[in-house]
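Visitor: One structure follows; several queries about it will come next.
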Amino acid sequence: MLAGEAGPAAQLCLRMIVALARVRGARRLLDVESAHVDGCLYHGRAGLDFAERLVGLG
């Protein structure tokens, strides 16, 4: 996914997860079968921009 084979939206999300994992000192990631971006709560313009960017990336 980091190479983009699952599309640019998935690539962006995984890049964010990996960056956060590094900051937090995670030793490994866990396999996840499904997840969603929490776009149902409005936390300000940045959250809306992020959701719109994911839609734009497909």
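In the structure tokens, chains take letters A, B, ... by order of appearance, with residues numbered from 1 within each chain and ligands from 1 in the order shown.
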Need to verify the contact set: Ala3 in chain A, 10 Å, only C-alpha atoms, exclusion of same-chain residues closer than 5 positions in sequence. Can you return it as a list in words?
Guide: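 Contacts, in chain order: Pro8, Ala10, Gln11, Leu14 and Arg15 of chain A.
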Visitor: Write to file, as an mmCIF file, in the first residue's frame, the residues of the selection just made, with N, CA, C and O atoms.
Guide:
data_model
loop_
_atom_site.group_PDB
_atom_site.id
_atom_site.type_symbol
_atom_site.label_atom_id
_atom_site.label_comp_id
_atom_site.auth_asym_id
_atom_site.auth_seq_id
_atom_site.Cartn_x
_atom_site.Cartn_y
_atom_site.Cartn_z
ATOM 1 N N PRO A 8 -4.112 6.079 -4.445
ATOM 2 C CA PRO A 8 -3.489 7.186 -3.721
ATOM 3 C C PRO A 8 -4.125 7.503 -2.373
ATOM 4 O O PRO A 8 -3.442 7.939 -1.459
ATOM 5 N N ALA A 10 -5.497 5.296 -0.189
ATOM 6 C CA ALA A 10 -4.985 4.299 0.749
ATOM 7 C C ALA A 10 -3.511 4.561 1.051
ATOM 8 O O ALA A 10 -3.059 4.406 2.193
ATOM 9 N N GLN A 11 -2.755 4.968 0.045
ATOM 10 C CA GLN A 11 -1.341 5.279 0.237
ATOM 11 C C GLN A 11 -1.168 6.431 1.222
ATOM 12 O O GLN A 11 -0.344 6.353 2.141
ATOM 13 N N LEU A 14 -2.012 5.221 4.800
ATOM 14 C CA LEU A 14 -0.980 4.364 5.383
ATOM 15 C C LEU A 14 0.283 5.160 5.695
ATOM 16 O O LEU A 14 0.933 4.913 6.710
ATOM 17 N N ARG A 15 0.614 6.129 4.861
ATOM 18 C CA ARG A 15 1.768 6.988 5.169
ATOM 19 C C ARG A 15 1.554 7.717 6.490
ATOM 20 O O ARG A 15 2.489 7.859 7.285
#
Visitor: Please determine, counting only C-alpha atoms, which residue among A:Leu12, A:Ala35, A:Val23, A:Leu30 has the shortest atom-to-atom distance to Phe50 in chain A.
Guide: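 Among the listed residues, the smallest separation from Phe50 in chain A belongs to A:Leu12.
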Visitor: As a short mmCIF file (atom, residue, chain, number, x, y, z; two decimals) with all heavy atoms, in the first residue's frame, please: every residue in range 5-53 of chain A that a backbone DSSP assignment puts in helix (DSSP H, G or I).
Guide:
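The resulting out.cif:
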data_model
loop_
_atom_site.label_atom_id
_atom_site.label_comp_id
_atom_site.auth_asym_id
_atom_site.auth_seq_id
_atom_site.Cartn_x
_atom_site.Cartn_y
_atom_site.Cartn_z
N PRO A 8 -4.11 6.08 -4.44
CA PRO A 8 -3.49 7.19 -3.72
C PRO A 8 -4.13 7.50 -2.37
O PRO A 8 -3.44 7.94 -1.46
CB PRO A 8 -3.61 8.36 -4.68
CG PRO A 8 -4.70 8.00 -5.61
CD PRO A 8 -4.71 6.51 -5.71
N ALA A 9 -5.43 7.27 -2.21
CA ALA A 9 -6.07 7.55 -0.92
C ALA A 9 -5.55 6.58 0.14
O ALA A 9 -5.19 6.99 1.25
CB ALA A 9 -7.58 7.47 -1.04
N ALA A 10 -5.50 5.30 -0.19
CA ALA A 10 -4.99 4.30 0.75
C ALA A 10 -3.51 4.56 1.05
O ALA A 10 -3.06 4.41 2.19
CB ALA A 10 -5.17 2.89 0.18
N GLN A 11 -2.76 4.97 0.04
CA GLN A 11 -1.34 5.28 0.24
C GLN A 11 -1.17 6.43 1.22
O GLN A 11 -0.34 6.35 2.14
CB GLN A 11 -0.70 5.62 -1.10
CG GLN A 11 0.78 5.91 -1.00
CD GLN A 11 1.36 6.31 -2.36
OE1 GLN A 11 0.70 6.95 -3.16
NE2 GLN A 11 2.60 5.93 -2.60
N LEU A 12 -1.94 7.49 1.05
CA LEU A 12 -1.87 8.63 1.96
C LEU A 12 -2.20 8.22 3.38
O LEU A 12 -1.48 8.57 4.32
CB LEU A 12 -2.83 9.74 1.49
CG LEU A 12 -2.98 10.92 2.44
CD1 LEU A 12 -1.66 11.67 2.60
CD2 LEU A 12 -4.07 11.85 1.95
N CYS A 13 -3.26 7.45 3.56
CA CYS A 13 -3.66 7.02 4.90
C CYS A 13 -2.58 6.15 5.56
O CYS A 13 -2.27 6.33 6.73
CB CYS A 13 -4.98 6.28 4.85
SG CYS A 13 -6.38 7.35 4.45
N LEU A 14 -2.01 5.22 4.80
CA LEU A 14 -0.98 4.36 5.38
C LEU A 14 0.28 5.16 5.69
O LEU A 14 0.93 4.91 6.71
CB LEU A 14 -0.67 3.18 4.48
CG LEU A 14 0.21 2.11 5.14
CD1 LEU A 14 -0.39 1.61 6.45
CD2 LEU A 14 0.44 0.95 4.21
N ARG A 15 0.61 6.13 4.86
CA ARG A 15 1.77 6.99 5.17
C ARG A 15 1.55 7.72 6.49
O ARG A 15 2.49 7.86 7.29
CB ARG A 15 1.99 7.99 4.03
CG ARG A 15 2.60 7.36 2.79
CD ARG A 15 2.78 8.34 1.66
NE ARG A 15 3.54 9.50 2.08
CZ ARG A 15 3.42 10.71 1.54
NH1 ARG A 15 2.57 10.91 0.55
NH2 ARG A 15 4.13 11.72 1.97
N MET A 16 0.34 8.17 6.73
CA MET A 16 0.03 8.84 7.99
C MET A 16 0.14 7.88 9.17
O MET A 16 0.67 8.23 10.23
CB MET A 16 -1.37 9.46 7.92
CG MET A 16 -1.45 10.60 6.93
SD MET A 16 -3.12 11.20 6.65
CE MET A 16 -3.54 11.80 8.27
N ILE A 17 -0.36 6.66 9.00
CA ILE A 17 -0.30 5.66 10.06
C ILE A 17 1.15 5.32 10.39
O ILE A 17 1.54 5.24 11.55
CB ILE A 17 -1.08 4.39 9.65
CG1 ILE A 17 -2.57 4.70 9.65
CG2 ILE A 17 -0.75 3.22 10.58
CD1 ILE A 17 -3.43 3.63 8.99
N VAL A 18 1.97 5.12 9.37
CA VAL A 18 3.38 4.79 9.57
C VAL A 18 4.10 5.95 10.27
O VAL A 18 4.90 5.73 11.19
CB VAL A 18 4.06 4.43 8.23
CG1 VAL A 18 5.57 4.35 8.38
CG2 VAL A 18 3.51 3.11 7.71
N ALA A 19 3.82 7.17 9.86
CA ALA A 19 4.46 8.32 10.50
C ALA A 19 4.08 8.40 11.98
O ALA A 19 4.95 8.62 12.84
CB ALA A 19 4.08 9.61 9.78
N LEU A 20 2.82 8.22 12.29
CA LEU A 20 2.38 8.25 13.69
C LEU A 20 2.99 7.10 14.48
O LEU A 20 3.41 7.28 15.62
CB LEU A 20 0.85 8.19 13.77
CG LEU A 20 0.27 8.23 15.18
CD1 LEU A 20 0.68 9.49 15.92
CD2 LEU A 20 -1.24 8.12 15.12
N ALA A 21 3.06 5.93 13.87
CA ALA A 21 3.67 4.78 14.54
C ALA A 21 5.13 5.05 14.88
O ALA A 21 5.60 4.70 15.97
CB ALA A 21 3.55 3.53 13.65
N ARG A 22 5.85 5.68 13.97
CA ARG A 22 7.26 6.02 14.24
C ARG A 22 7.37 7.01 15.40
O ARG A 22 8.21 6.86 16.28
CB ARG A 22 7.90 6.60 12.99
CG ARG A 22 8.24 5.57 11.97
CD ARG A 22 9.02 6.16 10.80
NE ARG A 22 9.31 5.12 9.84
CZ ARG A 22 9.14 5.22 8.53
NH1 ARG A 22 8.69 6.35 8.02
NH2 ARG A 22 9.42 4.22 7.73
N VAL A 23 6.52 8.02 15.38
CA VAL A 23 6.54 9.03 16.46
C VAL A 23 6.25 8.37 17.81
O VAL A 23 6.88 8.71 18.82
CB VAL A 23 5.51 10.15 16.17
CG1 VAL A 23 5.29 11.04 17.37
CG2 VAL A 23 5.97 10.98 14.98
N ARG A 24 5.32 7.43 17.81
CA ARG A 24 4.92 6.77 19.06
C ARG A 24 5.85 5.62 19.44
O ARG A 24 5.70 5.04 20.50
CB ARG A 24 3.49 6.26 18.95
CG ARG A 24 2.46 7.35 18.70
CD ARG A 24 2.27 8.25 19.87
NE ARG A 24 1.77 7.48 20.99
CZ ARG A 24 1.86 7.86 22.26
NH1 ARG A 24 2.40 9.00 22.57
NH2 ARG A 24 1.39 7.11 23.23
N ARG A 45 -12.36 22.81 9.82
CA ARG A 45 -12.03 22.83 8.40
C ARG A 45 -11.00 21.77 8.01
O ARG A 45 -11.08 21.16 6.94
CB ARG A 45 -11.52 24.22 8.03
CG ARG A 45 -11.25 24.42 6.57
CD ARG A 45 -12.54 24.45 5.78
NE ARG A 45 -12.35 23.73 4.54
CZ ARG A 45 -13.29 23.51 3.65
NH1 ARG A 45 -14.50 23.95 3.85
NH2 ARG A 45 -13.04 22.84 2.56
N ALA A 46 -10.02 21.52 8.87
CA ALA A 46 -8.96 20.56 8.53
C ALA A 46 -9.53 19.16 8.30
O ALA A 46 -9.12 18.46 7.37
CB ALA A 46 -7.89 20.51 9.61
N GLY A 47 -10.48 18.75 9.12
CA GLY A 47 -11.10 17.44 8.95
C GLY A 47 -11.89 17.35 7.65
O GLY A 47 -11.86 16.34 6.95
N LEU A 48 -12.58 18.42 7.32
CA LEU A 48 -13.33 18.46 6.07
C LEU A 48 -12.38 18.45 4.88
O LEU A 48 -12.60 17.74 3.89
CB LEU A 48 -14.22 19.70 6.03
CG LEU A 48 -15.17 19.83 4.85
CD1 LEU A 48 -16.07 18.63 4.72
CD2 LEU A 48 -15.98 21.11 5.00
N ASP A 49 -11.30 19.20 4.97
CA ASP A 49 -10.30 19.20 3.89
C ASP A 49 -9.73 17.81 3.67
O ASP A 49 -9.54 17.38 2.54
CB ASP A 49 -9.16 20.18 4.21
CG ASP A 49 -9.58 21.63 4.14
OD1 ASP A 49 -10.66 21.93 3.59
OD2 ASP A 49 -8.81 22.48 4.65
N PHE A 50 -9.45 17.10 4.77
CA PHE A 50 -8.91 15.76 4.66
C PHE A 50 -9.89 14.82 3.99
O PHE A 50 -9.53 14.08 3.06
CB PHE A 50 -8.52 15.24 6.05
CG PHE A 50 -7.96 13.83 6.02
CD1 PHE A 50 -6.74 13.58 5.43
CD2 PHE A 50 -8.66 12.79 6.60
CE1 PHE A 50 -6.22 12.29 5.39
CE2 PHE A 50 -8.15 11.50 6.58
CZ PHE A 50 -6.93 11.26 5.97
N ALA A 51 -11.14 14.85 4.42
CA ALA A 51 -12.17 13.99 3.81
C ALA A 51 -12.33 14.31 2.33
O ALA A 51 -12.42 13.40 1.49
CB ALA A 51 -13.50 14.13 4.54
N GLU A 52 -12.34 15.59 1.98
CA GLU A 52 -12.47 15.96 0.57
C GLU A 52 -11.24 15.52 -0.24
O GLU A 52 -11.38 15.12 -1.40
CB GLU A 52 -12.67 17.47 0.46
CG GLU A 52 -14.04 17.93 0.92
CD GLU A 52 -14.21 19.43 0.94
OE1 GLU A 52 -13.20 20.18 0.84
OE2 GLU A 52 -15.37 19.87 1.04
N ARG A 53 -10.09 15.57 0.37
CA ARG A 53 -8.88 15.12 -0.32
C ARG A 53 -8.96 13.62 -0.61
O ARG A 53 -8.61 13.17 -1.71
CB ARG A 53 -7.63 15.43 0.49
CG ARG A 53 -6.36 15.01 -0.21
CD ARG A 53 -5.14 15.56 0.45
NE ARG A 53 -3.95 15.13 -0.28
CZ ARG A 53 -2.74 15.24 0.19
NH1 ARG A 53 -2.53 15.81 1.36
NH2 ARG A 53 -1.70 14.83 -0.50
#
Visitor: So how many Å separate CA of Val32 in chain A and CA of Leu2 in chain A, to one decimal?
Guide: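 If I compute the distance from CA of Val32 in chain A to CA of Leu2 in chain A, I get 15.0 Å.
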Visitor: Quick one, how far is CA of Leu54 in chain A from CA of Gly25 in chain A?
Guide: 26.5 Å
